[in-house]
>>> print(open('structure_22.cif').read())   # mmCIF, C-alpha atoms
data_coords
#
loop_
_atom_site.label_atom_id
_atom_site.label_comp_id
_atom_site.auth_asym_id
_atom_site.auth_seq_id
_atom_site.Cartn_x
_atom_site.Cartn_y
_atom_site.Cartn_z
CA MET A 236 104.07 125.06 54.39
CA ASN A 237 107.56 124.06 53.26
CA LYS A 238 107.93 120.28 53.71
CA VAL A 239 109.93 117.81 51.62
CA ILE A 240 110.08 114.01 51.83
CA LEU A 241 112.62 112.23 49.63
CA MET A 242 113.82 108.66 49.24
CA GLY A 243 116.97 107.99 47.29
CA ARG A 244 120.56 106.82 47.31
CA LEU A 245 123.64 108.85 48.17
CA THR A 246 125.72 109.58 45.07
CA ARG A 247 128.91 109.76 47.15
CA ASP A 248 130.02 109.80 50.79
CA PRO A 249 128.79 112.85 52.75
CA GLU A 250 131.12 115.83 52.91
CA VAL A 251 131.35 116.76 56.59
CA ARG A 252 132.84 119.95 57.99
CA TYR A 253 132.95 121.58 61.37
CA SER A 254 132.33 125.26 62.03
CA ALA A 255 135.11 127.26 63.63
CA GLY A 256 134.94 128.64 67.14
CA GLU A 257 134.52 127.53 70.69
CA ASN A 258 131.15 125.82 70.13
CA SER A 259 131.95 124.13 66.83
CA SER A 260 129.08 122.40 65.11
CA ALA A 261 129.11 119.81 62.34
CA TYR A 262 127.36 120.16 59.02
CA ALA A 263 127.22 117.65 56.19
CA ARG A 264 126.37 117.89 52.52
CA TYR A 265 125.34 115.04 50.29
CA THR A 266 123.43 114.48 47.08
CA LEU A 267 120.53 112.07 46.75
CA ALA A 268 119.67 110.36 43.47
CA VAL A 269 115.87 110.17 43.56
CA ASP A 270 114.17 108.01 40.92
CA ARG A 271 111.30 109.53 39.01
CA ARG A 272 108.03 107.65 38.79
CA PHE A 273 107.88 107.96 35.02
CA ARG A 274 110.34 107.11 32.29
CA ARG A 275 111.77 109.52 29.75
CA ASP A 276 110.28 109.52 26.23
CA GLY A 277 108.20 106.43 26.97
CA ASN A 278 111.35 104.30 26.86
CA SER A 279 110.78 101.56 29.43
CA ASP A 280 114.51 100.72 29.58
CA GLN A 281 115.72 104.11 30.75
CA GLN A 282 115.10 105.15 34.37
CA THR A 283 115.55 108.84 35.12
CA ALA A 284 116.53 110.40 38.40
CA ASP A 285 116.84 113.82 39.97
CA PHE A 286 119.98 114.70 41.90
CA ILE A 287 119.02 116.73 44.94
CA GLY A 288 121.49 118.49 47.21
CA CYS A 289 120.93 118.03 50.94
CA VAL A 290 122.51 119.70 53.96
CA VAL A 291 122.17 118.57 57.57
CA PHE A 292 123.45 120.21 60.75
CA GLY A 293 124.49 119.16 64.27
CA ARG A 294 123.88 115.61 65.43
CA GLY A 295 122.32 114.71 62.08
CA ALA A 296 125.61 115.65 60.38
CA GLU A 297 127.55 113.49 62.83
CA PHE A 298 125.14 110.62 62.09
CA ALA A 299 125.71 111.09 58.35
CA GLU A 300 129.48 111.09 58.82
CA LYS A 301 129.39 107.90 60.86
CA TYR A 302 126.78 105.80 59.03
CA LEU A 303 125.97 107.09 55.54
CA ARG A 304 128.03 106.01 52.55
CA GLN A 305 127.75 106.14 48.79
CA GLY A 306 124.86 103.97 47.63
CA THR A 307 123.04 103.99 50.97
CA LYS A 308 119.28 104.28 50.50
CA VAL A 309 117.76 106.84 52.88
CA VAL A 310 114.53 108.70 53.50
CA VAL A 311 114.92 112.35 54.45
CA THR A 312 112.41 114.94 55.54
CA GLY A 313 113.14 118.61 55.63
CA ARG A 314 112.50 121.89 53.89
CA ILE A 315 113.64 123.55 50.69
CA GLN A 316 115.94 126.52 51.11
CA THR A 317 117.08 128.78 48.30
CA GLY A 318 120.01 131.15 48.31
CA SER A 319 122.51 132.92 46.14
CA TYR A 320 126.13 134.03 46.14
CA THR A 321 128.57 135.72 43.78
CA ASN A 322 131.33 133.42 42.53
CA ARG A 323 134.97 134.35 41.84
CA ASP A 324 134.11 135.38 38.28
CA GLY A 325 131.57 137.91 39.56
CA GLN A 326 128.57 135.89 38.41
CA LYS A 327 125.56 135.42 40.66
CA VAL A 328 124.89 131.74 41.43
CA TYR A 329 121.51 130.56 42.72
CA THR A 330 121.28 127.52 44.98
CA THR A 331 118.49 125.20 46.09
CA ASP A 332 119.08 122.69 48.89
CA VAL A 333 116.98 120.51 51.14
CA VAL A 334 117.74 121.31 54.78
CA VAL A 335 117.38 117.88 56.38
CA GLU A 336 115.44 117.69 59.63
CA ASP A 337 115.25 113.89 59.83
CA GLN A 338 117.04 111.07 58.00
CA GLU A 339 116.48 107.33 58.21
CA PHE A 340 117.72 104.21 56.49
CA ALA A 341 115.31 103.02 53.81
CA GLU A 342 116.57 99.44 53.60
CA SER A 343 118.33 96.88 55.73
CA LYS A 344 122.08 96.48 55.82
CA ALA A 345 121.84 93.17 53.98
CA ALA A 346 119.76 94.70 51.17
CA SER A 347 121.94 97.76 50.69
CA SER A 348 123.93 97.52 47.48
CA GLY A 349 123.39 93.78 47.23
CA GLY A 350 125.48 93.15 50.32
CA GLN A 351 128.18 95.67 49.38
CA GLY A 352 127.41 97.99 52.25
CA GLY A 353 131.02 98.68 53.18
CA ALA A 354 130.77 99.65 56.83
CA TYR A 355 127.34 98.06 56.92
CA GLN A 356 128.37 94.63 55.72
CA ARG A 357 128.01 92.04 58.44
CA THR A 358 128.50 88.34 58.27
CA ALA A 359 125.77 86.23 59.76
CA SER A 360 126.74 84.60 63.02
CA PRO A 361 125.51 81.10 63.83
CA ALA A 362 123.31 82.62 66.55
CA ALA A 363 121.58 84.79 63.95
CA ALA A 364 120.59 81.83 61.77
CA PRO A 365 117.06 80.60 62.46
CA MET A 366 116.82 77.27 64.20
CA PRO A 367 114.81 74.59 62.38
CA SER A 368 112.08 74.73 65.02
CA GLN A 369 111.79 78.51 64.48
CA ALA A 370 111.52 78.43 60.70
CA SER A 371 108.75 80.42 59.12
CA ALA A 372 105.53 78.53 58.52
CA GLY A 373 104.82 80.59 55.40
CA ASP A 374 102.07 82.62 57.03
CA GLY A 375 104.35 85.30 58.49
CA PHE A 376 104.48 83.71 61.95
CA MET A 377 107.22 81.65 63.57
CA ASN A 378 106.50 78.18 64.90
CA ILE A 379 106.83 77.89 68.68
CA PRO A 380 108.32 74.60 69.83
CA ASP A 381 106.17 72.38 72.06
CA GLY A 382 106.76 72.43 75.80
CA ILE A 383 107.81 76.05 76.33
CA ASP A 384 104.38 77.47 77.13
CA GLU A 385 105.39 78.25 80.71
CA ASP A 386 108.30 80.44 79.50
CA LEU A 387 106.09 82.76 77.46
CA PRO A 388 105.17 86.10 79.11
CA PHE A 389 101.55 85.76 77.98
CA ASN A 390 98.84 83.07 77.80
#
>>> encode(input="structure_22.cif", output="structure tokens")
Amino acid sequence: MNKVILMGRLTRDPEVRYSAGENSSAYARYTLAVDRRFRRDGNSDQQTADFIGCVVFGRGAEFAEKYLRQGTKVVVTGRIQTGSYTNRDGQKVYTTDVVVEDQEFAESKAASSGGQGGAYQRTASPAAAPMPSQASAGDGFMNIPDGIDEDLPFN
């Protein structure tokens, strides 16, 4: 079985291209910086990461072009694919990429890059602010104001 699950941040905006021909299809390439669970040389101040190349095709590539930006934290699932080619100098180059089958945001827009989400940044509207009667009670549930029992779809 060849299955990969990664969570990391894009190191730069995705590079999107379209294939030539009548039925052109999009493909996107991006690199994920994936933190390691351990630290190098026991130094607790230095976090290490792996930089993993990803490629996604079709609608996933169009999604990446539209919504993913540098610093965006995503979870991808896919498979590892290896290949090789001969470069201009005649040397054989070996490649390893993750072919992305599914990609999802791993954090909210507000949490992404400390509010520096670029296209994701949204200012809170007054309607989005919680009303005092709907404030959290500290137990994970919202308080329901008195007198609206008949408006609830359940009893």
>>> residues_around(input="structure_22.cif", residues="A:Pro249", least_positions_apart="3", cutoff="8 Å", atoms="all atoms listed in the file", output="list in words")
Leu245, Ala263, Arg264, Tyr265, Thr266, Ala299, Glu300, Leu303, Arg304 and Gln305 of chain A
>>> write_last_selection(input="structure_22.cif", atoms="C-alpha atoms", output="mmCIF file, in the frame of the given file")
data_model
loop_
_atom_site.group_PDB
_atom_site.id
_atom_site.type_symbol
_atom_site.label_atom_id
_atom_site.label_comp_id
_atom_site.auth_asym_id
_atom_site.auth_seq_id
_atom_site.Cartn_x
_atom_site.Cartn_y
_atom_site.Cartn_z
ATOM 1 C CA LEU A 245 123.640 108.850 48.170
ATOM 2 C CA ALA A 263 127.220 117.650 56.190
ATOM 3 C CA ARG A 264 126.370 117.890 52.520
ATOM 4 C CA TYR A 265 125.340 115.040 50.290
ATOM 5 C CA THR A 266 123.430 114.480 47.080
ATOM 6 C CA ALA A 299 125.710 111.090 58.350
ATOM 7 C CA GLU A 300 129.480 111.090 58.820
ATOM 8 C CA LEU A 303 125.970 107.090 55.540
ATOM 9 C CA ARG A 304 128.030 106.010 52.550
ATOM 10 C CA GLN A 305 127.750 106.140 48.790
#
>>> resolve_selection(input="structure_22.cif", expression="the PyMOL selection byres ((chain A and resi 298) around 12)", output="MDAnalysis selection string")
chainID A and resid 249 251 261:263 291:297 299:304 337:340
>>> atom_distance(input="structure_22.cif", atom1="atom CA of A:Arg272", atom2="atom CA of A:Met242")
12.0 Å
>>> closest_residue(input="structure_22.cif", among="A:Thr331, A:Ile240, A:Phe286, A:Glu257", to="A:Ser319", atoms="all atoms listed in the file")
A:Thr331
>>> residues_around(input="structure_22.cif", residues="A:Ala341", least_positions_apart="4", cutoff="8 Å", atoms="all atoms listed in the file", output="compact mmCIF listing (two decimals) with C-alpha atoms, in the coordinates of the input")
# COMPACT_ATOMS: atom_id res chain seq x y z
CA MET A 242 113.82 108.66 49.24
CA LYS A 308 119.28 104.28 50.50
CA VAL A 309 117.76 106.84 52.88
CA VAL A 310 114.53 108.70 53.50
>>> decode(input="structure_22.cif", residues="stretch 278-306 of chain A", atoms="N, CA, C and O atoms", output="PDB file, in the first residue's frame")
ATOM      1  N   ASN A 278      18.831  19.743  20.827  1.00  0.00           N
ATOM      2  CA  ASN A 278      18.698  21.175  21.064  1.00  0.00           C
ATOM      3  C   ASN A 278      17.215  21.530  21.036  1.00  0.00           C
ATOM      4  O   ASN A 278      16.569  21.460  20.000  1.00  0.00           O
ATOM      5  N   SER A 279      16.673  21.921  22.172  1.00  0.00           N
ATOM      6  CA  SER A 279      15.241  22.189  22.257  1.00  0.00           C
ATOM      7  C   SER A 279      14.843  23.493  21.577  1.00  0.00           C
ATOM      8  O   SER A 279      13.664  23.757  21.414  1.00  0.00           O
ATOM      9  N   ASP A 280      15.800  24.322  21.179  1.00  0.00           N
ATOM     10  CA  ASP A 280      15.481  25.602  20.538  1.00  0.00           C
ATOM     11  C   ASP A 280      15.376  25.495  19.026  1.00  0.00           C
ATOM     12  O   ASP A 280      14.881  26.406  18.383  1.00  0.00           O
ATOM     13  N   GLN A 281      15.840  24.412  18.450  1.00  0.00           N
ATOM     14  CA  GLN A 281      15.904  24.317  16.997  1.00  0.00           C
ATOM     15  C   GLN A 281      14.917  23.274  16.475  1.00  0.00           C
ATOM     16  O   GLN A 281      15.100  22.088  16.669  1.00  0.00           O
ATOM     17  N   GLN A 282      13.860  23.737  15.810  1.00  0.00           N
ATOM     18  CA  GLN A 282      12.877  22.845  15.190  1.00  0.00           C
ATOM     19  C   GLN A 282      13.379  22.490  13.798  1.00  0.00           C
ATOM     20  O   GLN A 282      13.878  23.344  13.078  1.00  0.00           O
ATOM     21  N   THR A 283      13.237  21.246  13.411  1.00  0.00           N
ATOM     22  CA  THR A 283      13.647  20.834  12.078  1.00  0.00           C
ATOM     23  C   THR A 283      12.409  20.487  11.261  1.00  0.00           C
ATOM     24  O   THR A 283      11.375  20.126  11.807  1.00  0.00           O
ATOM     25  N   ALA A 284      12.544  20.604   9.972  1.00  0.00           N
ATOM     26  CA  ALA A 284      11.422  20.321   9.082  1.00  0.00           C
ATOM     27  C   ALA A 284      11.941  19.621   7.837  1.00  0.00           C
ATOM     28  O   ALA A 284      13.110  19.748   7.468  1.00  0.00           O
ATOM     29  N   ASP A 285      11.051  18.868   7.208  1.00  0.00           N
ATOM     30  CA  ASP A 285      11.321  18.280   5.902  1.00  0.00           C
ATOM     31  C   ASP A 285      10.547  19.076   4.873  1.00  0.00           C
ATOM     32  O   ASP A 285       9.425  19.536   5.141  1.00  0.00           O
ATOM     33  N   PHE A 286      11.116  19.249   3.708  1.00  0.00           N
ATOM     34  CA  PHE A 286      10.474  19.993   2.634  1.00  0.00           C
ATOM     35  C   PHE A 286      10.097  18.985   1.554  1.00  0.00           C
ATOM     36  O   PHE A 286      10.956  18.410   0.894  1.00  0.00           O
ATOM     37  N   ILE A 287       8.796  18.782   1.405  1.00  0.00           N
ATOM     38  CA  ILE A 287       8.289  17.696   0.577  1.00  0.00           C
ATOM     39  C   ILE A 287       7.535  18.264  -0.616  1.00  0.00           C
ATOM     40  O   ILE A 287       6.587  19.043  -0.451  1.00  0.00           O
ATOM     41  N   GLY A 288       7.968  17.862  -1.802  1.00  0.00           N
ATOM     42  CA  GLY A 288       7.330  18.304  -3.033  1.00  0.00           C
ATOM     43  C   GLY A 288       6.014  17.583  -3.264  1.00  0.00           C
ATOM     44  O   GLY A 288       5.923  16.372  -3.089  1.00  0.00           O
ATOM     45  N   CYS A 289       4.998  18.356  -3.643  1.00  0.00           N
ATOM     46  CA  CYS A 289       3.668  17.801  -3.891  1.00  0.00           C
ATOM     47  C   CYS A 289       3.201  18.236  -5.273  1.00  0.00           C
ATOM     48  O   CYS A 289       3.506  19.345  -5.719  1.00  0.00           O
ATOM     49  N   VAL A 290       2.443  17.375  -5.926  1.00  0.00           N
ATOM     50  CA  VAL A 290       1.829  17.708  -7.209  1.00  0.00           C
ATOM     51  C   VAL A 290       0.374  17.259  -7.166  1.00  0.00           C
ATOM     52  O   VAL A 290       0.063  16.199  -6.618  1.00  0.00           O
ATOM     53  N   VAL A 291      -0.506  18.100  -7.695  1.00  0.00           N
ATOM     54  CA  VAL A 291      -1.940  17.808  -7.686  1.00  0.00           C
ATOM     55  C   VAL A 291      -2.492  18.137  -9.071  1.00  0.00           C
ATOM     56  O   VAL A 291      -2.052  19.080  -9.721  1.00  0.00           O
ATOM     57  N   PHE A 292      -3.457  17.351  -9.517  1.00  0.00           N
ATOM     58  CA  PHE A 292      -3.991  17.480 -10.868  1.00  0.00           C
ATOM     59  C   PHE A 292      -5.471  17.848 -10.853  1.00  0.00           C
ATOM     60  O   PHE A 292      -6.172  17.624  -9.866  1.00  0.00           O
ATOM     61  N   GLY A 293      -5.956  18.384 -11.972  1.00  0.00           N
ATOM     62  CA  GLY A 293      -7.382  18.611 -12.193  1.00  0.00           C
ATOM     63  C   GLY A 293      -7.977  19.649 -11.268  1.00  0.00           C
ATOM     64  O   GLY A 293      -7.417  20.720 -11.037  1.00  0.00           O
ATOM     65  N   ARG A 294      -9.136  19.297 -10.705  1.00  0.00           N
ATOM     66  CA  ARG A 294      -9.866  20.236  -9.843  1.00  0.00           C
ATOM     67  C   ARG A 294      -9.078  20.568  -8.581  1.00  0.00           C
ATOM     68  O   ARG A 294      -9.185  21.670  -8.054  1.00  0.00           O
ATOM     69  N   GLY A 295      -8.282  19.623  -8.097  1.00  0.00           N
ATOM     70  CA  GLY A 295      -7.443  19.897  -6.939  1.00  0.00           C
ATOM     71  C   GLY A 295      -6.421  20.985  -7.235  1.00  0.00           C
ATOM     72  O   GLY A 295      -6.120  21.818  -6.381  1.00  0.00           O
ATOM     73  N   ALA A 296      -5.892  20.994  -8.462  1.00  0.00           N
ATOM     74  CA  ALA A 296      -4.940  22.030  -8.871  1.00  0.00           C
ATOM     75  C   ALA A 296      -5.627  23.385  -8.962  1.00  0.00           C
ATOM     76  O   ALA A 296      -5.064  24.409  -8.569  1.00  0.00           O
ATOM     77  N   GLU A 297      -6.851  23.397  -9.463  1.00  0.00           N
ATOM     78  CA  GLU A 297      -7.606  24.646  -9.540  1.00  0.00           C
ATOM     79  C   GLU A 297      -7.919  25.171  -8.138  1.00  0.00           C
ATOM     80  O   GLU A 297      -7.872  26.377  -7.894  1.00  0.00           O
ATOM     81  N   PHE A 298      -8.225  24.258  -7.207  1.00  0.00           N
ATOM     82  CA  PHE A 298      -8.446  24.633  -5.810  1.00  0.00           C
ATOM     83  C   PHE A 298      -7.176  25.257  -5.229  1.00  0.00           C
ATOM     84  O   PHE A 298      -7.219  26.297  -4.557  1.00  0.00           O
ATOM     85  N   ALA A 299      -6.040  24.623  -5.483  1.00  0.00           N
ATOM     86  CA  ALA A 299      -4.762  25.133  -4.965  1.00  0.00           C
ATOM     87  C   ALA A 299      -4.472  26.522  -5.521  1.00  0.00           C
ATOM     88  O   ALA A 299      -4.030  27.411  -4.783  1.00  0.00           O
ATOM     89  N   GLU A 300      -4.738  26.713  -6.800  1.00  0.00           N
ATOM     90  CA  GLU A 300      -4.489  28.015  -7.423  1.00  0.00           C
ATOM     91  C   GLU A 300      -5.358  29.097  -6.790  1.00  0.00           C
ATOM     92  O   GLU A 300      -4.898  30.211  -6.539  1.00  0.00           O
ATOM     93  N   LYS A 301      -6.591  28.758  -6.488  1.00  0.00           N
ATOM     94  CA  LYS A 301      -7.545  29.745  -5.992  1.00  0.00           C
ATOM     95  C   LYS A 301      -7.380  30.044  -4.502  1.00  0.00           C
ATOM     96  O   LYS A 301      -7.511  31.195  -4.077  1.00  0.00           O
ATOM     97  N   TYR A 302      -7.082  29.023  -3.688  1.00  0.00           N
ATOM     98  CA  TYR A 302      -7.151  29.196  -2.238  1.00  0.00           C
ATOM     99  C   TYR A 302      -5.834  29.051  -1.475  1.00  0.00           C
ATOM    100  O   TYR A 302      -5.726  29.558  -0.367  1.00  0.00           O
ATOM    101  N   LEU A 303      -4.869  28.332  -1.997  1.00  0.00           N
ATOM    102  CA  LEU A 303      -3.645  28.087  -1.231  1.00  0.00           C
ATOM    103  C   LEU A 303      -2.611  29.167  -1.506  1.00  0.00           C
ATOM    104  O   LEU A 303      -2.396  29.557  -2.647  1.00  0.00           O
ATOM    105  N   ARG A 304      -1.984  29.627  -0.436  1.00  0.00           N
ATOM    106  CA  ARG A 304      -0.946  30.647  -0.516  1.00  0.00           C
ATOM    107  C   ARG A 304       0.199  30.261   0.404  1.00  0.00           C
ATOM    108  O   ARG A 304       0.068  29.400   1.266  1.00  0.00           O
ATOM    109  N   GLN A 305       1.315  30.937   0.224  1.00  0.00           N
ATOM    110  CA  GLN A 305       2.475  30.705   1.080  1.00  0.00           C
ATOM    111  C   GLN A 305       2.072  30.848   2.541  1.00  0.00           C
ATOM    112  O   GLN A 305       1.384  31.784   2.922  1.00  0.00           O
ATOM    113  N   GLY A 306       2.475  29.881   3.365  1.00  0.00           N
ATOM    114  CA  GLY A 306       2.192  29.911   4.786  1.00  0.00           C
ATOM    115  C   GLY A 306       0.911  29.209   5.178  1.00  0.00           C
ATOM    116  O   GLY A 306       0.675  28.980   6.358  1.00  0.00           O
TER     117      GLY A 306
END
